[in-house]
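So this block is my_file_36.cif, mmCIF, C-alpha atoms:
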data_protein
#
loop_
_atom_site.group_PDB
_atom_site.id
_atom_site.type_symbol
_atom_site.label_atom_id
_atom_site.label_comp_id
_atom_site.auth_asym_id
_atom_site.auth_seq_id
_atom_site.Cartn_x
_atom_site.Cartn_y
_atom_site.Cartn_z
ATOM 1 C CA GLY U 4 -30.292 -27.012 -3.002
ATOM 2 C CA ARG U 5 -27.368 -27.916 -5.192
ATOM 3 C CA GLY U 6 -29.352 -28.255 -8.420
ATOM 4 C CA LYS U 7 -30.804 -24.801 -7.930
ATOM 5 C CA ASP U 8 -27.361 -23.301 -7.261
ATOM 6 C CA ALA U 9 -25.911 -24.983 -10.337
ATOM 7 C CA ALA U 10 -28.778 -23.678 -12.470
ATOM 8 C CA ARG U 11 -28.269 -20.170 -11.118
ATOM 9 C CA ALA U 12 -24.529 -20.306 -11.795
ATOM 10 C CA ALA U 13 -25.148 -21.610 -15.320
ATOM 11 C CA GLY U 14 -27.678 -18.828 -15.942
ATOM 12 C CA LEU U 15 -25.219 -16.221 -14.714
ATOM 13 C CA LEU U 16 -22.455 -17.676 -16.885
ATOM 14 C CA ALA U 17 -24.744 -17.519 -19.911
ATOM 15 C CA LEU U 18 -25.525 -13.856 -19.122
ATOM 16 C CA PHE U 19 -21.811 -13.034 -18.861
ATOM 17 C CA ALA U 20 -21.107 -14.815 -22.149
ATOM 18 C CA CYS U 21 -23.872 -12.807 -23.875
ATOM 19 C CA TRP U 22 -22.631 -9.577 -22.271
ATOM 20 C CA TYR U 23 -19.117 -10.153 -23.660
ATOM 21 C CA GLY U 24 -20.321 -11.473 -27.021
ATOM 22 C CA PHE U 25 -22.716 -8.606 -27.757
ATOM 23 C CA ASN U 26 -20.086 -6.118 -26.635
ATOM 24 C CA ILE U 27 -17.408 -7.512 -28.953
ATOM 25 C CA VAL U 28 -19.744 -7.576 -31.968
ATOM 26 C CA PHE U 29 -20.892 -4.032 -31.139
ATOM 27 C CA ASN U 30 -17.324 -2.716 -30.961
ATOM 28 C CA ILE U 31 -16.289 -4.320 -34.249
ATOM 29 C CA TYR U 32 -19.367 -3.163 -36.189
ATOM 30 C CA ASN U 33 -19.262 0.278 -34.608
ATOM 31 C CA LYS U 34 -15.635 0.802 -35.649
ATOM 32 C CA GLN U 35 -16.419 -0.331 -39.212
ATOM 33 C CA ILE U 36 -19.393 2.049 -39.368
ATOM 34 C CA LEU U 37 -17.393 5.025 -38.058
ATOM 35 C CA LYS U 38 -14.571 4.332 -40.526
ATOM 36 C CA SER U 39 -16.853 4.681 -43.561
ATOM 37 C CA PHE U 40 -19.441 7.026 -42.003
ATOM 38 C CA PRO U 41 -17.560 9.468 -39.740
ATOM 39 C CA TYR U 42 -20.591 11.003 -38.018
ATOM 40 C CA PRO U 43 -20.444 9.831 -34.379
ATOM 41 C CA VAL U 44 -23.481 11.845 -33.214
ATOM 42 C CA THR U 45 -25.691 10.463 -35.984
ATOM 43 C CA VAL U 46 -24.407 6.931 -35.301
ATOM 44 C CA THR U 47 -25.207 7.334 -31.585
ATOM 45 C CA PHE U 48 -28.686 8.638 -32.426
ATOM 46 C CA ILE U 49 -29.409 5.665 -34.733
ATOM 47 C CA GLU U 50 -28.106 3.162 -32.178
ATOM 48 C CA LEU U 51 -30.261 4.695 -29.436
ATOM 49 C CA GLY U 52 -33.170 4.657 -31.916
ATOM 50 C CA VAL U 53 -32.733 0.932 -32.592
ATOM 51 C CA GLY U 54 -32.627 0.415 -28.820
ATOM 52 C CA SER U 55 -35.812 2.436 -28.353
ATOM 53 C CA ALA U 56 -37.588 0.369 -31.026
ATOM 54 C CA LEU U 57 -36.541 -2.845 -29.256
ATOM 55 C CA ILE U 58 -37.840 -1.489 -25.934
ATOM 56 C CA ALA U 59 -41.158 -0.458 -27.508
ATOM 57 C CA ALA U 60 -41.481 -3.991 -28.917
ATOM 58 C CA MET U 61 -40.652 -5.481 -25.503
ATOM 59 C CA TRP U 62 -43.361 -3.386 -23.826
ATOM 60 C CA ALA U 63 -45.943 -3.871 -26.602
ATOM 61 C CA SER U 64 -45.501 -7.648 -26.642
ATOM 62 C CA GLY U 65 -45.958 -7.786 -22.862
ATOM 63 C CA ALA U 66 -42.533 -9.444 -22.430
ATOM 64 C CA LYS U 67 -42.003 -6.719 -19.852
ATOM 65 C CA LYS U 68 -44.602 -4.501 -18.283
ATOM 66 C CA ALA U 69 -44.162 -0.838 -19.228
ATOM 67 C CA PRO U 70 -43.600 1.443 -16.232
ATOM 68 C CA THR U 71 -46.159 4.059 -15.266
ATOM 69 C CA LEU U 72 -44.376 7.384 -15.303
ATOM 70 C CA ASN U 73 -45.341 10.716 -13.809
ATOM 71 C CA ARG U 74 -43.702 14.141 -13.833
ATOM 72 C CA GLU U 75 -42.185 13.648 -10.391
ATOM 73 C CA MET U 76 -40.344 10.574 -11.685
ATOM 74 C CA LEU U 77 -39.181 12.134 -14.939
ATOM 75 C CA LYS U 78 -37.547 15.076 -13.193
ATOM 76 C CA PRO U 79 -34.548 13.113 -11.862
ATOM 77 C CA ILE U 80 -34.450 10.752 -14.902
ATOM 78 C CA ILE U 81 -33.976 13.508 -17.514
ATOM 79 C CA PRO U 82 -30.514 14.614 -16.261
ATOM 80 C CA LEU U 83 -29.489 10.938 -16.247
ATOM 81 C CA ALA U 84 -30.604 10.628 -19.874
ATOM 82 C CA VAL U 85 -28.583 13.694 -20.848
ATOM 83 C CA ILE U 86 -25.484 12.260 -19.152
ATOM 84 C CA HIS U 87 -26.127 8.878 -20.788
ATOM 85 C CA THR U 88 -26.315 10.557 -24.210
ATOM 86 C CA VAL U 89 -23.086 12.484 -23.677
ATOM 87 C CA GLY U 90 -21.252 9.362 -22.415
ATOM 88 C CA ASN U 91 -22.259 7.284 -25.433
ATOM 89 C CA LEU U 92 -21.515 10.183 -27.784
ATOM 90 C CA LEU U 93 -18.007 10.620 -26.431
ATOM 91 C CA THR U 94 -17.344 6.871 -26.624
ATOM 92 C CA ASN U 95 -18.343 6.887 -30.293
ATOM 93 C CA VAL U 96 -16.229 9.969 -30.994
ATOM 94 C CA SER U 97 -13.256 8.172 -29.417
ATOM 95 C CA LEU U 98 -13.906 4.892 -31.256
ATOM 96 C CA GLY U 99 -13.943 6.831 -34.516
ATOM 97 C CA LYS U 100 -10.625 8.563 -33.793
ATOM 98 C CA VAL U 101 -8.399 5.845 -32.284
ATOM 99 C CA ALA U 102 -8.089 2.044 -32.180
ATOM 100 C CA VAL U 103 -10.882 0.212 -30.304
ATOM 101 C CA SER U 104 -8.285 -1.352 -28.004
ATOM 102 C CA PHE U 105 -6.978 2.101 -27.051
ATOM 103 C CA THR U 106 -10.446 3.509 -26.276
ATOM 104 C CA HIS U 107 -10.995 0.562 -23.927
ATOM 105 C CA THR U 108 -7.594 1.006 -22.292
ATOM 106 C CA ILE U 109 -8.491 4.615 -21.432
ATOM 107 C CA LYS U 110 -11.925 3.481 -20.255
ATOM 108 C CA ALA U 111 -10.149 1.179 -17.791
ATOM 109 C CA MET U 112 -9.625 4.384 -15.774
ATOM 110 C CA GLU U 113 -13.300 4.311 -14.758
ATOM 111 C CA PRO U 114 -12.509 3.240 -11.146
ATOM 112 C CA PHE U 115 -10.326 6.329 -10.722
ATOM 113 C CA PHE U 116 -13.271 8.597 -11.574
ATOM 114 C CA SER U 117 -15.645 6.414 -9.593
ATOM 115 C CA VAL U 118 -13.543 6.927 -6.453
ATOM 116 C CA LEU U 119 -13.116 10.643 -7.136
ATOM 117 C CA LEU U 120 -16.809 11.336 -7.801
ATOM 118 C CA SER U 121 -17.999 9.140 -4.917
ATOM 119 C CA ALA U 122 -15.692 11.037 -2.575
ATOM 120 C CA LEU U 123 -16.947 14.392 -3.875
ATOM 121 C CA PHE U 124 -20.682 13.692 -4.093
ATOM 122 C CA LEU U 125 -21.409 10.745 -1.797
ATOM 123 C CA GLY U 126 -18.754 11.498 0.832
ATOM 124 C CA ASP U 127 -17.159 8.034 0.386
ATOM 125 C CA ILE U 128 -13.554 8.380 1.497
ATOM 126 C CA PRO U 129 -11.474 5.570 -0.081
ATOM 127 C CA SER U 130 -9.139 3.324 1.919
ATOM 128 C CA LEU U 131 -5.369 3.364 1.358
ATOM 129 C CA ALA U 132 -5.558 0.036 -0.485
ATOM 130 C CA VAL U 133 -8.092 1.465 -2.946
ATOM 131 C CA VAL U 134 -5.945 4.529 -3.605
ATOM 132 C CA GLY U 135 -2.881 2.259 -3.981
ATOM 133 C CA ALA U 136 -4.669 0.138 -6.586
ATOM 134 C CA LEU U 137 -5.384 3.243 -8.655
ATOM 135 C CA VAL U 138 -1.643 3.904 -9.124
ATOM 136 C CA PRO U 139 -1.110 1.045 -11.628
ATOM 137 C CA VAL U 140 -4.410 1.954 -13.319
ATOM 138 C CA VAL U 141 -3.330 5.534 -13.997
ATOM 139 C CA GLY U 142 0.299 4.562 -14.723
ATOM 140 C CA GLY U 143 -0.747 1.803 -17.122
ATOM 141 C CA VAL U 144 -3.080 4.090 -19.067
ATOM 142 C CA ALA U 145 -0.299 6.715 -19.263
ATOM 143 C CA LEU U 146 2.198 4.145 -20.580
ATOM 144 C CA ALA U 147 -0.301 2.774 -23.099
ATOM 145 C CA SER U 148 -1.083 6.336 -24.273
ATOM 146 C CA ILE U 149 2.561 7.273 -24.828
ATOM 147 C CA THR U 150 3.178 4.120 -26.887
ATOM 148 C CA GLU U 151 -0.159 4.056 -28.783
ATOM 149 C CA VAL U 152 0.261 4.120 -32.585
ATOM 150 C CA SER U 153 -3.233 5.532 -33.269
ATOM 151 C CA PHE U 154 -2.945 8.151 -30.483
ATOM 152 C CA ASN U 155 -4.574 11.550 -30.932
ATOM 153 C CA TRP U 156 -5.832 14.021 -28.345
ATOM 154 C CA ALA U 157 -9.420 14.118 -29.603
ATOM 155 C CA GLY U 158 -9.768 10.347 -29.202
ATOM 156 C CA PHE U 159 -8.021 10.458 -25.819
ATOM 157 C CA PHE U 160 -10.113 13.290 -24.347
ATOM 158 C CA ALA U 161 -13.366 11.849 -25.706
ATOM 159 C CA ALA U 162 -12.717 8.519 -23.944
ATOM 160 C CA MET U 163 -11.704 10.354 -20.736
ATOM 161 C CA GLY U 164 -14.862 12.442 -20.951
ATOM 162 C CA SER U 165 -16.974 9.322 -21.333
ATOM 163 C CA ASN U 166 -15.362 7.938 -18.146
ATOM 164 C CA ILE U 167 -16.386 11.038 -16.211
ATOM 165 C CA THR U 168 -19.930 11.090 -17.623
ATOM 166 C CA PHE U 169 -20.605 7.364 -17.115
ATOM 167 C CA GLN U 170 -19.253 7.393 -13.572
ATOM 168 C CA SER U 171 -21.371 10.444 -12.689
ATOM 169 C CA ARG U 172 -24.329 8.580 -14.206
ATOM 170 C CA ASN U 173 -23.654 5.653 -11.841
ATOM 171 C CA VAL U 174 -23.279 7.901 -8.803
ATOM 172 C CA LEU U 175 -26.473 9.813 -9.708
ATOM 173 C CA SER U 176 -28.306 6.581 -10.481
ATOM 174 C CA LYS U 177 -27.457 5.331 -6.966
ATOM 175 C CA LYS U 178 -28.751 8.520 -5.395
ATOM 176 C CA MET U 179 -31.863 8.385 -7.542
ATOM 177 C CA MET U 180 -32.843 4.784 -6.886
ATOM 178 C CA GLY U 181 -33.187 5.862 -3.253
ATOM 179 C CA LEU U 182 -35.627 8.708 -4.029
ATOM 180 C CA SER U 183 -39.141 8.194 -2.712
ATOM 181 C CA SER U 184 -40.724 9.028 -6.090
ATOM 182 C CA ILE U 185 -38.641 6.310 -7.798
ATOM 183 C CA LYS U 186 -38.257 3.613 -5.125
ATOM 184 C CA GLY U 187 -40.307 0.558 -5.964
ATOM 185 C CA ALA U 188 -42.032 2.370 -8.854
ATOM 186 C CA ILE U 189 -39.509 1.381 -11.509
ATOM 187 C CA ASP U 190 -36.954 -1.434 -11.753
ATOM 188 C CA ASN U 191 -33.424 -1.299 -13.173
ATOM 189 C CA ILE U 192 -34.345 -2.575 -16.629
ATOM 190 C CA ASN U 193 -37.261 -0.190 -17.102
ATOM 191 C CA LEU U 194 -35.206 2.687 -15.733
ATOM 192 C CA PHE U 195 -32.541 1.926 -18.322
ATOM 193 C CA SER U 196 -35.239 1.627 -21.006
ATOM 194 C CA VAL U 197 -36.707 5.045 -20.193
ATOM 195 C CA ILE U 198 -33.194 6.551 -20.138
ATOM 196 C CA THR U 199 -32.482 5.045 -23.597
ATOM 197 C CA MET U 200 -35.668 6.490 -25.111
ATOM 198 C CA LEU U 201 -35.091 9.936 -23.599
ATOM 199 C CA SER U 202 -31.431 9.838 -24.727
ATOM 200 C CA CYS U 203 -32.589 9.153 -28.266
ATOM 201 C CA LEU U 204 -34.745 12.307 -28.144
ATOM 202 C CA VAL U 205 -31.872 14.323 -26.642
ATOM 203 C CA CYS U 206 -29.489 13.078 -29.343
ATOM 204 C CA LEU U 207 -31.622 14.032 -32.347
ATOM 205 C CA PRO U 208 -31.263 17.852 -32.145
ATOM 206 C CA ILE U 209 -27.530 17.464 -31.322
ATOM 207 C CA ALA U 210 -27.027 15.252 -34.397
ATOM 208 C CA MET U 211 -28.871 17.659 -36.666
ATOM 209 C CA GLY U 212 -27.134 20.696 -35.184
ATOM 210 C CA LEU U 213 -23.598 19.319 -35.385
ATOM 211 C CA GLU U 214 -23.732 17.020 -38.403
ATOM 212 C CA GLY U 215 -26.829 18.008 -40.373
ATOM 213 C CA VAL U 216 -29.316 15.388 -41.572
ATOM 214 C CA ARG U 217 -27.074 12.399 -42.304
ATOM 215 C CA PHE U 218 -29.414 9.596 -41.267
ATOM 216 C CA THR U 219 -31.607 9.423 -44.397
ATOM 217 C CA PRO U 220 -30.765 6.810 -47.059
ATOM 218 C CA GLN U 221 -30.531 9.683 -49.611
ATOM 219 C CA ALA U 222 -27.828 11.413 -47.567
ATOM 220 C CA MET U 223 -25.939 8.113 -47.173
ATOM 221 C CA ALA U 224 -26.120 7.408 -50.906
ATOM 222 C CA ALA U 225 -24.935 10.968 -51.662
ATOM 223 C CA ALA U 226 -21.839 10.296 -49.547
ATOM 224 C CA GLY U 227 -21.062 7.403 -51.912
ATOM 225 C CA LEU U 228 -21.747 4.733 -49.288
ATOM 226 C CA ASN U 229 -23.227 1.293 -49.737
ATOM 227 C CA VAL U 230 -26.557 2.135 -48.080
ATOM 228 C CA GLY U 231 -27.790 -1.452 -47.640
ATOM 229 C CA GLU U 232 -24.567 -2.530 -45.952
ATOM 230 C CA LEU U 233 -24.416 0.556 -43.724
ATOM 231 C CA ILE U 234 -28.039 0.176 -42.587
ATOM 232 C CA GLN U 235 -27.479 -3.526 -41.854
ATOM 233 C CA ARG U 236 -24.351 -2.712 -39.807
ATOM 234 C CA LEU U 237 -26.164 0.054 -37.924
ATOM 235 C CA ALA U 238 -29.063 -2.295 -37.130
ATOM 236 C CA ILE U 239 -26.691 -5.007 -35.852
ATOM 237 C CA ALA U 240 -24.625 -2.502 -33.844
ATOM 238 C CA GLY U 241 -27.786 -0.926 -32.405
ATOM 239 C CA PHE U 242 -29.187 -4.326 -31.449
ATOM 240 C CA CYS U 243 -25.934 -5.458 -29.780
ATOM 241 C CA PHE U 244 -25.592 -2.069 -28.063
ATOM 242 C CA GLN U 245 -29.037 -2.364 -26.499
ATOM 243 C CA MET U 246 -28.566 -6.033 -25.570
ATOM 244 C CA TYR U 247 -25.213 -5.680 -23.870
ATOM 245 C CA GLN U 248 -26.366 -2.676 -21.830
ATOM 246 C CA GLN U 249 -29.607 -4.432 -20.881
ATOM 247 C CA ILE U 250 -27.718 -7.609 -19.900
ATOM 248 C CA SER U 251 -25.213 -5.529 -17.930
ATOM 249 C CA TYR U 252 -28.142 -4.186 -15.855
ATOM 250 C CA MET U 253 -29.538 -7.722 -15.432
ATOM 251 C CA ILE U 254 -26.161 -8.949 -14.153
ATOM 252 C CA LEU U 255 -25.868 -5.951 -11.818
ATOM 253 C CA SER U 256 -29.157 -6.904 -10.173
ATOM 254 C CA ARG U 257 -27.829 -10.448 -9.505
ATOM 255 C CA VAL U 258 -24.282 -9.832 -8.316
ATOM 256 C CA THR U 259 -22.468 -7.301 -6.110
ATOM 257 C CA PRO U 260 -21.220 -4.098 -7.770
ATOM 258 C CA VAL U 261 -17.654 -5.336 -7.165
ATOM 259 C CA THR U 262 -18.247 -8.598 -9.050
ATOM 260 C CA HIS U 263 -19.828 -6.540 -11.788
ATOM 261 C CA SER U 264 -16.786 -4.266 -12.048
ATOM 262 C CA VAL U 265 -14.405 -7.263 -12.149
ATOM 263 C CA GLY U 266 -16.609 -8.700 -14.902
ATOM 264 C CA ASN U 267 -16.459 -5.364 -16.688
ATOM 265 C CA CYS U 268 -12.676 -5.335 -16.415
ATOM 266 C CA MET U 269 -12.418 -8.859 -17.865
ATOM 267 C CA LYS U 270 -14.838 -7.742 -20.602
ATOM 268 C CA ARG U 271 -12.410 -4.951 -21.521
ATOM 269 C CA VAL U 272 -9.526 -7.439 -21.660
ATOM 270 C CA THR U 273 -11.581 -9.640 -24.014
ATOM 271 C CA VAL U 274 -12.640 -6.706 -26.233
ATOM 272 C CA ILE U 275 -9.055 -5.399 -26.419
ATOM 273 C CA VAL U 276 -7.603 -8.808 -27.365
ATOM 274 C CA VAL U 277 -10.323 -9.691 -29.885
ATOM 275 C CA THR U 278 -10.321 -6.281 -31.632
ATOM 276 C CA LEU U 279 -6.503 -6.204 -31.786
ATOM 277 C CA ILE U 280 -6.548 -9.552 -33.583
ATOM 278 C CA TYR U 281 -9.552 -8.650 -35.739
ATOM 279 C CA PHE U 282 -8.332 -5.238 -36.926
ATOM 280 C CA LYS U 283 -4.651 -6.342 -36.929
ATOM 281 C CA ASN U 284 -3.664 -3.151 -35.083
ATOM 282 C CA PRO U 285 0.099 -2.688 -34.630
ATOM 283 C CA VAL U 286 1.127 -2.842 -30.952
ATOM 284 C CA SER U 287 4.465 -2.613 -29.180
ATOM 285 C CA PRO U 288 5.459 -4.670 -26.102
ATOM 286 C CA LEU U 289 5.374 -1.476 -24.003
ATOM 287 C CA ASN U 290 1.864 -0.715 -25.220
ATOM 288 C CA ILE U 291 0.709 -4.201 -24.200
ATOM 289 C CA ALA U 292 2.491 -3.791 -20.845
ATOM 290 C CA GLY U 293 0.687 -0.496 -20.173
ATOM 291 C CA THR U 294 -2.704 -1.996 -20.989
ATOM 292 C CA ALA U 295 -1.982 -5.077 -18.847
ATOM 293 C CA LEU U 296 -0.802 -2.918 -15.937
ATOM 294 C CA ALA U 297 -3.951 -0.771 -16.065
ATOM 295 C CA LEU U 298 -6.247 -3.811 -16.155
ATOM 296 C CA PHE U 299 -4.299 -5.487 -13.334
ATOM 297 C CA GLY U 300 -4.819 -2.286 -11.313
ATOM 298 C CA VAL U 301 -8.568 -2.493 -11.954
ATOM 299 C CA PHE U 302 -8.535 -6.068 -10.629
ATOM 300 C CA LEU U 303 -6.626 -4.959 -7.484
ATOM 301 C CA TYR U 304 -9.052 -2.072 -7.060
ATOM 302 C CA SER U 305 -12.040 -4.437 -7.124
ATOM 303 C CA ARG U 306 -10.419 -6.641 -4.470
ATOM 304 C CA ALA U 307 -9.615 -3.606 -2.296
ATOM 305 C CA LYS U 308 -13.219 -2.353 -2.624
ATOM 306 C CA GLN U 309 -14.510 -5.743 -1.522
ATOM 307 C CA ASN U 310 -12.268 -5.758 1.561
ATOM 308 C CA GLU U 311 -13.286 -2.175 2.343
ATOM 309 C CA LYS U 312 -16.962 -3.208 2.243
ATOM 310 C CA GLY U 313 -16.329 -6.193 4.492
ATOM 311 C CA ALA U 314 -14.512 -4.015 7.033
ATOM 312 C CA LYS U 315 -17.382 -1.505 7.039
ATOM 313 C CA LYS U 316 -19.913 -4.286 7.663
ATOM 314 C CA GLU U 317 -17.870 -5.686 10.569
ATOM 315 C CA LYS U 318 -17.622 -2.230 12.083
ATOM 316 C CA ALA U 319 -21.363 -1.708 11.776
ATOM 317 C CA ALA U 320 -22.038 -5.138 13.329
ATOM 318 C CA ALA U 321 -19.655 -4.414 16.227
ATOM 319 C CA ALA U 322 -21.322 -1.042 16.802
ATOM 320 C CA ALA U 323 -24.753 -2.677 16.805
ATOM 321 C CA VAL U 324 -23.664 -5.193 19.451
ATOM 322 C CA ALA U 325 -22.027 -2.510 21.618
#
Could you quickly redo this structure as structure tokens?
Amino acid sequence: GRGKDAARAAGLLALFACWYGFNIVFNIYNKQILKSFPYPVTVTFIELGVGSALIAAMWASGAKKAPTLNREMLKPIIPLAVIHTVGNLLTNVSLGKVAVSFTHTIKAMEPFFSVLLSALFLGDIPSLAVVGALVPVVGGVALASITEVSFNWAGFFAAMGSNITFQSRNVLSKKMMGLSSIKGAIDNINLFSVITMLSCLVCLPIAMGLEGVRFTPQAMAAAGLNVGELIQRLAIAGFCFQMYQQISYMILSRVTPVTHSVGNCMKRVTVIVVTLIYFKNPVSPLNIAGTALALFGVFLYSRAKQNEKGAKKEKAAAAAVA
């Protein structure tokens, strides 16, 4: 009864706190790494590598049972891994080019792409309220962009590109979880684990092709970097990166997608505020207003989505009775 509910709520709160905490630490360390070591592809590869090592340890220790994979299952997972790689790559490119707070303001436009891609690929036509909520999201991001001190097009387009890739990953993921070869054979956490490992493999040739071999201690030392410090930061960032993504999947399996997206929006608010204070980035009142407007739009969007779902359920129930 009540004790059980309280325990569940406390557990969920703890998960949310870890999700936010790991994400903030990741963003701060990641920005510091990219400032001194401006190789986003190599950084992404190392972070995915740390994640893969953690997953291997999790499977080896028996903390989680490793999935049994076959070729039929890998076929739909490989495109997801490629998209996952590109999304993380673009986020790191953006974080290297502009302020962390600005990358996250642009990434607040995720619902816009979610609605667009769902309409195109899943045939989900949004309600008027949902479309209305997207107006402040887009307007807020535009206002924040115009007034952003660290603004540059490379950082802007990279963050926009990561929105498109991550939202297509979510839409594809939804389609895929319904496939007969996948259904019941693999859970969310293991699916994410397999995607991480494959992404690491995908990222290696891209890193070497675009940036050369930068991930050896010799190469780091040659660049005049403090190797020990850089490796420690990469390990911490990689660990936090894996943890916050893993926890995000754990939360998703316990709450509705709408609650998850509201949580994600509040996470962005927290990351923006904390990194602004931490990095002492200059901001104007208009810039803050744009960011606030965009995040308020995301909140409205989540509410509108929830109402849309409720209306659909009522309709279905009425049709079933009739």
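Near range 304-319 of chain U, within 8 Å and counting all atoms listed in the file, sit Pro114, Ser130, Ala132, Val133, Ala136, Leu137, Val261, Thr262, Ser264 and Val265 of chain U; same-chain residues fewer than 6 positions away were not included.
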Residues in the PyMOL selection byres ((chain U and resi 278) around 10), expressed as a short mmCIF file (atom, residue, chain, number, x, y, z; two decimals) with C-alpha atoms, keeping the file's coordinate frame:
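What follows is the written file part.cif:
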data_model
loop_
_atom_site.label_atom_id
_atom_site.label_comp_id
_atom_site.auth_asym_id
_atom_site.auth_seq_id
_atom_site.Cartn_x
_atom_site.Cartn_y
_atom_site.Cartn_z
CA ILE U 27 -17.41 -7.51 -28.95
CA VAL U 28 -19.74 -7.58 -31.97
CA ASN U 30 -17.32 -2.72 -30.96
CA ILE U 31 -16.29 -4.32 -34.25
CA LYS U 34 -15.64 0.80 -35.65
CA ALA U 102 -8.09 2.04 -32.18
CA VAL U 103 -10.88 0.21 -30.30
CA SER U 104 -8.28 -1.35 -28.00
CA THR U 273 -11.58 -9.64 -24.01
CA VAL U 274 -12.64 -6.71 -26.23
CA ILE U 275 -9.06 -5.40 -26.42
CA VAL U 276 -7.60 -8.81 -27.36
CA VAL U 277 -10.32 -9.69 -29.88
CA LEU U 279 -6.50 -6.20 -31.79
CA ILE U 280 -6.55 -9.55 -33.58
CA TYR U 281 -9.55 -8.65 -35.74
CA PHE U 282 -8.33 -5.24 -36.93
CA LYS U 283 -4.65 -6.34 -36.93
CA ASN U 284 -3.66 -3.15 -35.08
#
Tell me which protein, DNA and RNA residues are within 12 Å of Phe19 in chain U, counting all atoms listed in the file, leaving out same-chain ones fewer than 3 positions away, and put them as a count of residues only. 30
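For Leu57 in chain U, the residues within 10 Å (counting only C-alpha atoms, excluding itself and residues fewer than 3 positions away along the chain) are Leu51, Gly52, Val53, Gly54, Ala60, Met61, Trp62, Ala63, Ser196, Gly241, Phe242, Gln245 and Met246 of chain U.
The residues returned by the PyMOL selection byres ((chain U and resi 113) around 9) for this structure are Ile109, Lys110, Ala111, Met112, Pro114, Phe115, Phe116, Ser117, Val118, Met163, Asn166, Ile167, Phe169, Gln170 and Val301 of chain U.
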Which residue is closest to Leu146 in chain U? Choose from U:Val44, U:Ile86, U:Thr108, U:Cys21 and count all atoms listed in the file. U:Thr108
Generate the missing atoms of range 225-240 of chain U up to N, CA and C atoms and report them as a PDB file, in the coordinates of the input.
ATOM      1  N   ALA U 225     -25.649   9.797 -51.143  1.00  0.00           N
ATOM      2  CA  ALA U 225     -24.935  10.968 -51.662  1.00  0.00           C
ATOM      3  C   ALA U 225     -23.477  10.959 -51.227  1.00  0.00           C
ATOM      4  N   ALA U 226     -23.220  10.366 -50.055  1.00  0.00           N
ATOM      5  CA  ALA U 226     -21.839  10.296 -49.547  1.00  0.00           C
ATOM      6  C   ALA U 226     -21.069   9.153 -50.221  1.00  0.00           C
ATOM      7  N   GLY U 227     -21.722   8.486 -51.177  1.00  0.00           N
ATOM      8  CA  GLY U 227     -21.062   7.403 -51.912  1.00  0.00           C
ATOM      9  C   GLY U 227     -20.913   6.132 -51.091  1.00  0.00           C
ATOM     10  N   LEU U 228     -21.834   5.915 -50.151  1.00  0.00           N
ATOM     11  CA  LEU U 228     -21.747   4.733 -49.288  1.00  0.00           C
ATOM     12  C   LEU U 228     -22.683   3.647 -49.791  1.00  0.00           C
ATOM     13  N   ASN U 229     -22.341   2.410 -49.439  1.00  0.00           N
ATOM     14  CA  ASN U 229     -23.227   1.293 -49.737  1.00  0.00           C
ATOM     15  C   ASN U 229     -24.337   1.327 -48.676  1.00  0.00           C
ATOM     16  N   VAL U 230     -25.484   1.852 -49.047  1.00  0.00           N
ATOM     17  CA  VAL U 230     -26.557   2.135 -48.080  1.00  0.00           C
ATOM     18  C   VAL U 230     -27.049   0.865 -47.393  1.00  0.00           C
ATOM     19  N   GLY U 231     -27.295  -0.180 -48.197  1.00  0.00           N
ATOM     20  CA  GLY U 231     -27.790  -1.452 -47.640  1.00  0.00           C
ATOM     21  C   GLY U 231     -26.867  -1.988 -46.563  1.00  0.00           C
ATOM     22  N   GLU U 232     -25.568  -2.001 -46.880  1.00  0.00           N
ATOM     23  CA  GLU U 232     -24.567  -2.530 -45.952  1.00  0.00           C
ATOM     24  C   GLU U 232     -24.502  -1.681 -44.690  1.00  0.00           C
ATOM     25  N   LEU U 233     -24.514  -0.359 -44.868  1.00  0.00           N
ATOM     26  CA  LEU U 233     -24.416   0.556 -43.724  1.00  0.00           C
ATOM     27  C   LEU U 233     -25.627   0.400 -42.799  1.00  0.00           C
ATOM     28  N   ILE U 234     -26.826   0.311 -43.397  1.00  0.00           N
ATOM     29  CA  ILE U 234     -28.039   0.176 -42.587  1.00  0.00           C
ATOM     30  C   ILE U 234     -28.021  -1.156 -41.822  1.00  0.00           C
ATOM     31  N   GLN U 235     -27.555  -2.210 -42.507  1.00  0.00           N
ATOM     32  CA  GLN U 235     -27.479  -3.526 -41.854  1.00  0.00           C
ATOM     33  C   GLN U 235     -26.506  -3.464 -40.670  1.00  0.00           C
ATOM     34  N   ARG U 236     -25.348  -2.829 -40.885  1.00  0.00           N
ATOM     35  CA  ARG U 236     -24.351  -2.712 -39.807  1.00  0.00           C
ATOM     36  C   ARG U 236     -24.887  -1.881 -38.650  1.00  0.00           C
ATOM     37  N   LEU U 237     -25.588  -0.801 -38.973  1.00  0.00           N
ATOM     38  CA  LEU U 237     -26.164   0.054 -37.924  1.00  0.00           C
ATOM     39  C   LEU U 237     -27.218  -0.704 -37.122  1.00  0.00           C
ATOM     40  N   ALA U 238     -28.015  -1.514 -37.814  1.00  0.00           N
ATOM     41  CA  ALA U 238     -29.063  -2.295 -37.130  1.00  0.00           C
ATOM     42  C   ALA U 238     -28.424  -3.314 -36.193  1.00  0.00           C
ATOM     43  N   ILE U 239     -27.367  -3.998 -36.685  1.00  0.00           N
ATOM     44  CA  ILE U 239     -26.691  -5.007 -35.852  1.00  0.00           C
ATOM     45  C   ILE U 239     -26.013  -4.331 -34.661  1.00  0.00           C
ATOM     46  N   ALA U 240     -25.313  -3.212 -34.927  1.00  0.00           N
ATOM     47  CA  ALA U 240     -24.625  -2.502 -33.844  1.00  0.00           C
ATOM     48  C   ALA U 240     -25.640  -2.000 -32.818  1.00  0.00           C
TER      49      ALA U 240
END
